[in-house]
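Enquirer: Contents of entry.json (JSON, C-alpha atoms) are below:
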[["chain", "number", "residue", "atom", "x", "y", "z"],
["V", 1, "MET", "CA", 19.93, -3.86, -9.81],
["V", 2, "SER", "CA", 18.78, -0.70, -8.08],
["V", 3, "GLN", "CA", 17.94, -0.82, -4.41],
["V", 4, "LYS", "CA", 15.23, 0.74, -2.33],
["V", 5, "LYS", "CA", 15.58, 1.96, 1.25],
["V", 6, "GLY", "CA", 16.86, -0.73, 3.57],
["V", 7, "GLY", "CA", 19.21, -2.14, 0.94],
["V", 8, "LYS", "CA", 16.64, -4.45, -0.66],
["V", 9, "PRO", "CA", 16.22, -4.72, -4.44],
["V", 10, "ASP", "CA", 13.92, -2.00, -5.69],
["V", 11, "PRO", "CA", 10.97, -3.42, -7.67],
["V", 12, "ALA", "CA", 10.12, 0.09, -8.85],
["V", 13, "ALA", "CA", 13.42, 0.47, -10.72],
["V", 14, "HIS", "CA", 12.87, 0.56, -14.48],
["V", 15, "GLU", "CA", 15.35, -0.73, -17.03],
["V", 16, "GLU", "CA", 14.11, 1.74, -19.63],
["V", 17, "GLN", "CA", 15.53, 5.25, -19.75],
["V", 18, "PRO", "CA", 13.83, 7.52, -17.18],
["V", 19, "GLU", "CA", 13.01, 10.18, -19.78],
["V", 20, "ALA", "CA", 10.75, 7.63, -21.45],
["V", 21, "ILE", "CA", 8.62, 7.74, -18.30],
["V", 22, "LEU", "CA", 8.94, 11.48, -17.62],
["V", 23, "PRO", "CA", 9.60, 13.30, -20.91],
["V", 24, "GLU", "CA", 11.76, 16.41, -21.14],
["V", 25, "ARG", "CA", 8.83, 18.71, -21.94],
["V", 26, "LEU", "CA", 7.55, 18.29, -18.35],
["V", 27, "PHE", "CA", 10.72, 19.94, -17.08],
["V", 28, "VAL", "CA", 11.13, 22.49, -19.87],
["V", 29, "ALA", "CA", 7.71, 23.89, -18.97],
["V", 30, "HIS", "CA", 9.10, 25.13, -15.64],
["V", 31, "THR", "CA", 12.17, 27.04, -16.85],
["V", 32, "LYS", "CA", 13.09, 29.58, -19.50],
["V", 33, "LYS", "CA", 16.63, 28.23, -19.64],
["V", 34, "GLN", "CA", 17.99, 25.58, -21.94],
["V", 35, "LEU", "CA", 17.91, 22.11, -20.49],
["V", 36, "HIS", "CA", 20.84, 19.80, -21.14],
["V", 37, "PRO", "CA", 19.65, 16.29, -22.19],
["V", 38, "LYS", "CA", 21.43, 14.75, -19.21],
["V", 39, "ALA", "CA", 19.68, 17.22, -16.91],
["V", 40, "SER", "CA", 16.33, 15.90, -18.09],
["V", 41, "ARG", "CA", 17.45, 12.32, -17.43],
["V", 42, "ALA", "CA", 18.75, 13.32, -13.99],
["V", 43, "ALA", "CA", 15.47, 15.00, -13.05],
["V", 44, "ALA", "CA", 13.42, 12.05, -14.24],
["V", 45, "ALA", "CA", 15.60, 9.53, -12.41],
["V", 46, "GLY", "CA", 15.44, 11.43, -9.12],
["V", 47, "LEU", "CA", 11.70, 11.89, -9.25],
["V", 48, "ILE", "CA", 11.00, 8.31, -10.29],
["V", 49, "CYS", "CA", 13.02, 7.22, -7.27],
["V", 50, "VAL", "CA", 10.87, 9.36, -4.96],
["V", 51, "MET", "CA", 7.58, 8.22, -6.49],
["V", 52, "GLY", "CA", 8.77, 4.62, -6.39],
["V", 53, "GLU", "CA", 9.30, 4.91, -2.63],
["V", 54, "ILE", "CA", 5.83, 6.38, -2.12],
["V", 55, "LEU", "CA", 4.18, 3.70, -4.24],
["V", 56, "ASP", "CA", 6.19, 0.94, -2.59],
["V", 57, "GLY", "CA", 4.99, 2.06, 0.83],
["V", 58, "ALA", "CA", 1.39, 2.39, -0.33],
["V", 59, "TYR", "CA", 1.60, -1.01, -2.02],
["V", 60, "LEU", "CA", 2.71, -2.70, 1.20],
["V", 61, "LEU", "CA", -0.04, -0.95, 3.14],
["V", 62, "ARG", "CA", -2.57, -2.12, 0.57],
["V", 63, "LEU", "CA", -1.36, -5.72, 0.91],
["V", 64, "ASN", "CA", -1.58, -5.56, 4.70],
["V", 65, "ALA", "CA", -5.05, -4.01, 4.54],
["V", 66, "ASP", "CA", -6.38, -6.89, 2.44],
["V", 67, "ALA", "CA", -6.67, -9.05, 5.55],
["V", 68, "ASP", "CA", -9.34, -6.69, 6.85],
["V", 69, "GLU", "CA", -10.75, -5.42, 3.56],
["V", 70, "ALA", "CA", -11.86, -8.42, 1.54],
["V", 71, "GLY", "CA", -11.79, -8.03, -2.20],
["V", 72, "GLY", "CA", -9.89, -4.76, -2.23],
["V", 73, "LYS", "CA", -6.92, -4.52, -4.57],
["V", 74, "GLU", "CA", -6.64, -0.81, -5.27],
["V", 75, "ILE", "CA", -4.32, 1.62, -3.54],
["V", 76, "GLN", "CA", -6.43, 4.42, -2.06],
["V", 77, "PRO", "CA", -5.47, 8.03, -1.15],
["V", 78, "ARG", "CA", -5.32, 7.14, 2.55],
["V", 79, "GLN", "CA", -2.58, 4.60, 1.82],
["V", 80, "VAL", "CA", -0.61, 7.22, -0.09],
["V", 81, "ASP", "CA", -0.96, 9.55, 2.91],
["V", 82, "ASP", "CA", 0.11, 6.85, 5.37],
["V", 83, "ALA", "CA", 3.07, 5.79, 3.23],
["V", 84, "ILE", "CA", 4.39, 9.36, 3.29],
["V", 85, "ARG", "CA", 3.65, 9.99, 6.96],
["V", 86, "SER", "CA", 5.36, 6.77, 8.06],
["V", 87, "ASP", "CA", 8.63, 7.54, 6.23],
["V", 88, "ASN", "CA", 10.82, 10.25, 7.78],
["V", 89, "ASP", "CA", 12.47, 11.26, 4.50],
["V", 90, "LEU", "CA", 9.20, 11.47, 2.58],
["V", 91, "ARG", "CA", 7.46, 13.26, 5.44],
["V", 92, "ARG", "CA", 10.15, 15.96, 5.50],
["V", 93, "LEU", "CA", 10.01, 16.36, 1.73],
["V", 94, "LEU", "CA", 6.23, 16.73, 1.62],
["V", 95, "ALA", "CA", 5.61, 18.37, 5.01],
["V", 96, "ALA", "CA", 3.80, 21.40, 3.54],
["V", 97, "TRP", "CA", 1.52, 19.19, 1.45],
["V", 98, "LEU", "CA", 0.73, 16.95, 4.42],
["V", 99, "LEU", "CA", -0.29, 19.96, 6.52],
["V", 100, "GLU", "CA", -3.07, 20.66, 4.01],
["V", 101, "ARG", "CA", -4.53, 17.19, 4.45],
["V", 102, "ALA", "CA", -6.13, 15.73, 7.56],
["V", 103, "PRO", "CA", -4.44, 12.51, 8.75],
["V", 104, "ALA", "CA", -6.03, 9.44, 7.17],
["V", 105, "THR", "CA", -8.12, 7.57, 9.74],
["V", 106, "GLY", "CA", -10.23, 4.45, 9.63],
["V", 107, "THR", "CA", -11.19, 2.95, 6.29],
["V", 108, "GLU", "CA", -13.35, 5.73, 4.89],
["V", 109, "PRO", "CA", -12.06, 7.35, 1.67],
["V", 110, "GLN", "CA", -10.31, 10.67, 2.29],
["V", 111, "PRO", "CA", -11.16, 13.79, 0.28],
["V", 112, "VAL", "CA", -8.75, 14.25, -2.59],
["V", 113, "GLN", "CA", -6.98, 17.60, -2.83],
["V", 114, "GLN", "CA", -4.86, 18.35, -5.86],
["V", 115, "PRO", "CA", -1.66, 20.19, -4.83],
["V", 116, "VAL", "CA", -1.47, 21.63, -8.35],
["V", 117, "ALA", "CA", -3.50, 21.36, -11.53],
["V", 118, "SER", "CA", -3.22, 18.01, -13.26],
["V", 119, "THR", "CA", -1.70, 17.73, -16.71],
["V", 120, "PRO", "CA", -4.42, 17.52, -19.36],
["V", 121, "ASP", "CA", -2.70, 14.87, -21.48],
["V", 122, "GLY", "CA", -2.47, 12.33, -18.70],
["V", 123, "THR", "CA", 1.33, 12.07, -18.90],
["V", 124, "LEU", "CA", 1.77, 12.09, -15.13],
["V", 125, "GLY", "CA", -0.95, 9.51, -14.61],
["V", 126, "GLY", "CA", 0.73, 7.33, -17.21],
["V", 127, "ALA", "CA", 4.03, 7.68, -15.36],
["V", 128, "ILE", "CA", 2.36, 6.52, -12.15],
["V", 129, "ASP", "CA", 0.95, 3.48, -13.99],
["V", 130, "ARG", "CA", 4.37, 2.54, -15.37],
["V", 131, "ILE", "CA", 6.08, 2.78, -11.99],
["V", 132, "MET", "CA", 3.26, 0.76, -10.41],
["V", 133, "SER", "CA", 3.52, -1.92, -13.08],
["V", 134, "ALA", "CA", 7.04, -2.70, -11.86],
["V", 135, "LEU", "CA", 5.76, -3.17, -8.31],
["V", 136, "SER", "CA", 2.85, -5.37, -9.33],
["V", 137, "PRO", "CA", 3.43, -6.83, -12.81],
["V", 138, "ASP", "CA", 0.44, -9.16, -12.49],
["V", 139, "GLU", "CA", -1.79, -6.19, -11.52],
["V", 140, "SER", "CA", -2.82, -7.93, -8.32],
["V", 141, "VAL", "CA", -2.63, -4.43, -6.82],
["V", 142, "THR", "CA", -3.47, -1.32, -8.86],
["V", 143, "VAL", "CA", -3.82, 2.40, -8.16],
["V", 144, "SER", "CA", -7.35, 3.77, -7.80],
["V", 145, "ALA", "CA", -8.33, 6.79, -9.89],
["V", 146, "SER", "CA", -8.48, 8.99, -6.79],
["V", 147, "ALA", "CA", -5.05, 7.86, -5.57],
["V", 148, "LYS", "CA", -3.59, 8.34, -9.05],
["V", 149, "SER", "CA", -4.95, 11.89, -9.06],
["V", 150, "VAL", "CA", -3.21, 12.57, -5.73],
["V", 151, "LEU", "CA", 0.06, 11.00, -6.91],
["V", 152, "ALA", "CA", 0.00, 12.87, -10.22],
["V", 153, "GLY", "CA", -0.54, 16.11, -8.35],
["V", 154, "LEU", "CA", 2.37, 15.33, -6.04],
["V", 155, "LEU", "CA", 4.59, 14.53, -9.00],
["V", 156, "ALA", "CA", 3.67, 17.80, -10.70],
["V", 157, "LEU", "CA", 4.48, 19.68, -7.48],
["V", 158, "LEU", "CA", 7.86, 17.96, -7.17],
["V", 159, "ILE", "CA", 8.72, 18.69, -10.80],
["V", 160, "GLU", "CA", 8.01, 22.38, -10.23],
["V", 161, "GLN", "CA", 10.05, 22.50, -7.01],
["V", 162, "LEU", "CA", 12.97, 20.60, -8.50],
["V", 163, "MET", "CA", 13.21, 22.75, -11.61],
["V", 164, "HIS", "CA", 12.99, 25.94, -9.58],
["V", 165, "ALA", "CA", 15.86, 24.79, -7.36],
["V", 166, "ALA", "CA", 17.95, 23.71, -10.37],
["V", 167, "ASP", "CA", 17.25, 27.05, -12.05],
["V", 168, "VAL", "CA", 18.46, 28.97, -8.98],
["V", 169, "LEU", "CA", 21.61, 26.85, -8.72],
["V", 170, "SER", "CA", 22.48, 27.35, -12.38],
["V", 171, "THR", "CA", 21.91, 31.10, -12.03],
["V", 172, "ARG", "CA", 24.50, 31.26, -9.25],
["V", 173, "ILE", "CA", 27.16, 30.23, -11.74],
["V", 174, "SER", "CA", 25.74, 32.59, -14.38],
["V", 175, "SER", "CA", 24.67, 29.80, -16.69],
["V", 176, "ASN", "CA", 21.83, 29.90, -19.20],
["V", 177, "VAL", "CA", 21.81, 26.11, -19.30],
["V", 178, "ILE", "CA", 20.62, 23.74, -16.58],
["V", 179, "HIS", "CA", 23.06, 20.83, -16.40],
["V", 180, "ALA", "CA", 22.78, 17.42, -14.76],
["V", 181, "GLU", "CA", 24.94, 18.59, -11.86],
["V", 182, "ASP", "CA", 22.51, 21.45, -11.18],
["V", 183, "VAL", "CA", 19.70, 18.91, -10.97],
["V", 184, "ARG", "CA", 21.79, 16.59, -8.79],
["V", 185, "ALA", "CA", 22.52, 19.45, -6.39],
["V", 186, "ALA", "CA", 18.83, 20.42, -6.34],
["V", 187, "VAL", "CA", 17.83, 16.84, -5.51],
["V", 188, "GLN", "CA", 20.40, 16.77, -2.71],
["V", 189, "MET", "CA", 18.91, 19.98, -1.33],
["V", 190, "MET", "CA", 15.35, 18.65, -1.45],
["V", 191, "LEU", "CA", 15.90, 15.15, -0.07],
["V", 192, "THR", "CA", 17.33, 13.82, 3.17],
["V", 193, "GLY", "CA", 18.75, 10.60, 4.56],
["V", 194, "GLU", "CA", 18.73, 7.34, 2.66],
["V", 195, "LEU", "CA", 16.29, 8.65, 0.08],
["V", 196, "ARG", "CA", 18.84, 11.28, -0.95],
["V", 197, "GLN", "CA", 21.48, 8.58, -1.41],
["V", 198, "LEU", "CA", 19.16, 6.38, -3.44],
["V", 199, "ALA", "CA", 18.11, 9.25, -5.72],
["V", 200, "ASP", "CA", 21.73, 10.29, -6.23],
["V", 201, "ARG", "CA", 22.61, 6.71, -7.21],
["V", 202, "GLU", "CA", 19.77, 6.61, -9.75],
["V", 203, "ILE", "CA", 20.86, 9.94, -11.19],
["V", 204, "SER", "CA", 24.39, 8.58, -11.61],
["V", 205, "ARG", "CA", 23.07, 5.54, -13.47],
["V", 206, "ALA", "CA", 20.83, 7.62, -15.71],
["V", 207, "THR", "CA", 23.53, 10.14, -16.67],
["V", 208, "ALA", "CA", 26.52, 7.82, -16.99]]
Just dump the structure as structure tokens.
Expert:
Amino acid sequence: MSQKKGGKPDPAAHEEQPEAILPERLFVAHTKKQLHPKASRAAAAGLICVMGEILDGAYLLRLNADADEAGGKEIQPRQVDDAIRSDNDLRRLLAAWLLERAPATGTEPQPVQQPVASTPDGTLGGAIDRIMSALSPDESVTVSASAKSVLAGLLALLIEQLMHAADVLSTRISSNVIHAEDVRAAVQMMLTGELRQLADREISRATA
């Protein structure tokens, strides 16, 4: 079984192939090069790992908040913010995005800012739902529409950044094809610490 940070079993790990959650066309849209099938699986696995960590942190914050917020069961944007800010690896990864948002305070809903335009077909929102369903199969905790919008925007931003980095790395070896190892190297450049190790492990499983 996959693990999350801290060595505990990762409830956000999916048994299904990662490209079923994040289809290849999401990555193809950000490069003019050919994309090897294993590269698509590598990109999906790395990004699902990152989003799983964010959702896991927000999920735990939502559970802890229930003691003070009776009846609430939806993850809100402020919990997404706090989950990222409280994790060193996530905070480094998304530092630029966090600078555009005021720190979440109190219990009032925070204004939602899309880092990039959302996908019109709802693919990214659907991916968020599928990752969340592994964390809370009984739907005792769900993701609010505003939080899903924030998370989908973050995922779109990460897809763009990852594919750009993989494109640059493949160019350095004069290749017209992005391979899984280009994506792996791009993920290693983007991530730090334990999150990098976890994502690399998921990429290995997805491309074996």
Enquirer: For Thr207 in chain V, please output as a list in words all residues within 7 Å (counting all atoms listed in the file; exclusion window: fewer than 2 positions along the same chain).
Expert: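 The contact residues come out as Lys38, Arg41, Ala42, Ile203, Ser204 and Arg205 of chain V.
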Enquirer: Between V:Cys49, V:Leu191, V:Ala39, V:Val168, which residue has the minimum interatomic distance to Ile128 in chain V, considering only C-alpha atoms?
Expert: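 Using only C-alpha atoms, Ile128 in chain V sits closest to V:Cys49.
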Enquirer: Between V:Ala45, V:Val143, V:Ala186, V:Leu154, which residue has the minimum interatomic distance to Leu90 in chain V, considering only C-alpha atoms?
Expert: V:Leu154
Enquirer: So how far away is CA of Leu47 in chain V from CA of Ala166 in chain V, in Å?
Expert: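 Rounded to one decimal, the two atoms are 13.4 Å apart.
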Enquirer: Record the distance separating CA of Ala156 in chain V and CA of Ala43 in chain V, expressed in Å with one decimal.
Expert: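 That distance, rounded to one decimal, is 12.4 Å.
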Enquirer: Considering only C-alpha atoms, return as an MDAnalysis selection string whatever protein or nucleic-acid residues lie within 9 Å of Asn176 in chain V, sequence-local ones (same chain, fewer than 2 positions apart) excluded.
Expert: chainID V and resid 32:35 167 170:171 174 178
Enquirer: Measuring between only C-alpha atoms, which one of V:Ala44, V:Leu158, V:Leu22, V:Leu98 shows the shortest distance to Ala206 in chain V?
Expert: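 Checking each of V:Ala44, V:Leu158, V:Leu22, V:Leu98 against Ala206 in chain V, counting only C-alpha atoms, the winner is V:Ala44.
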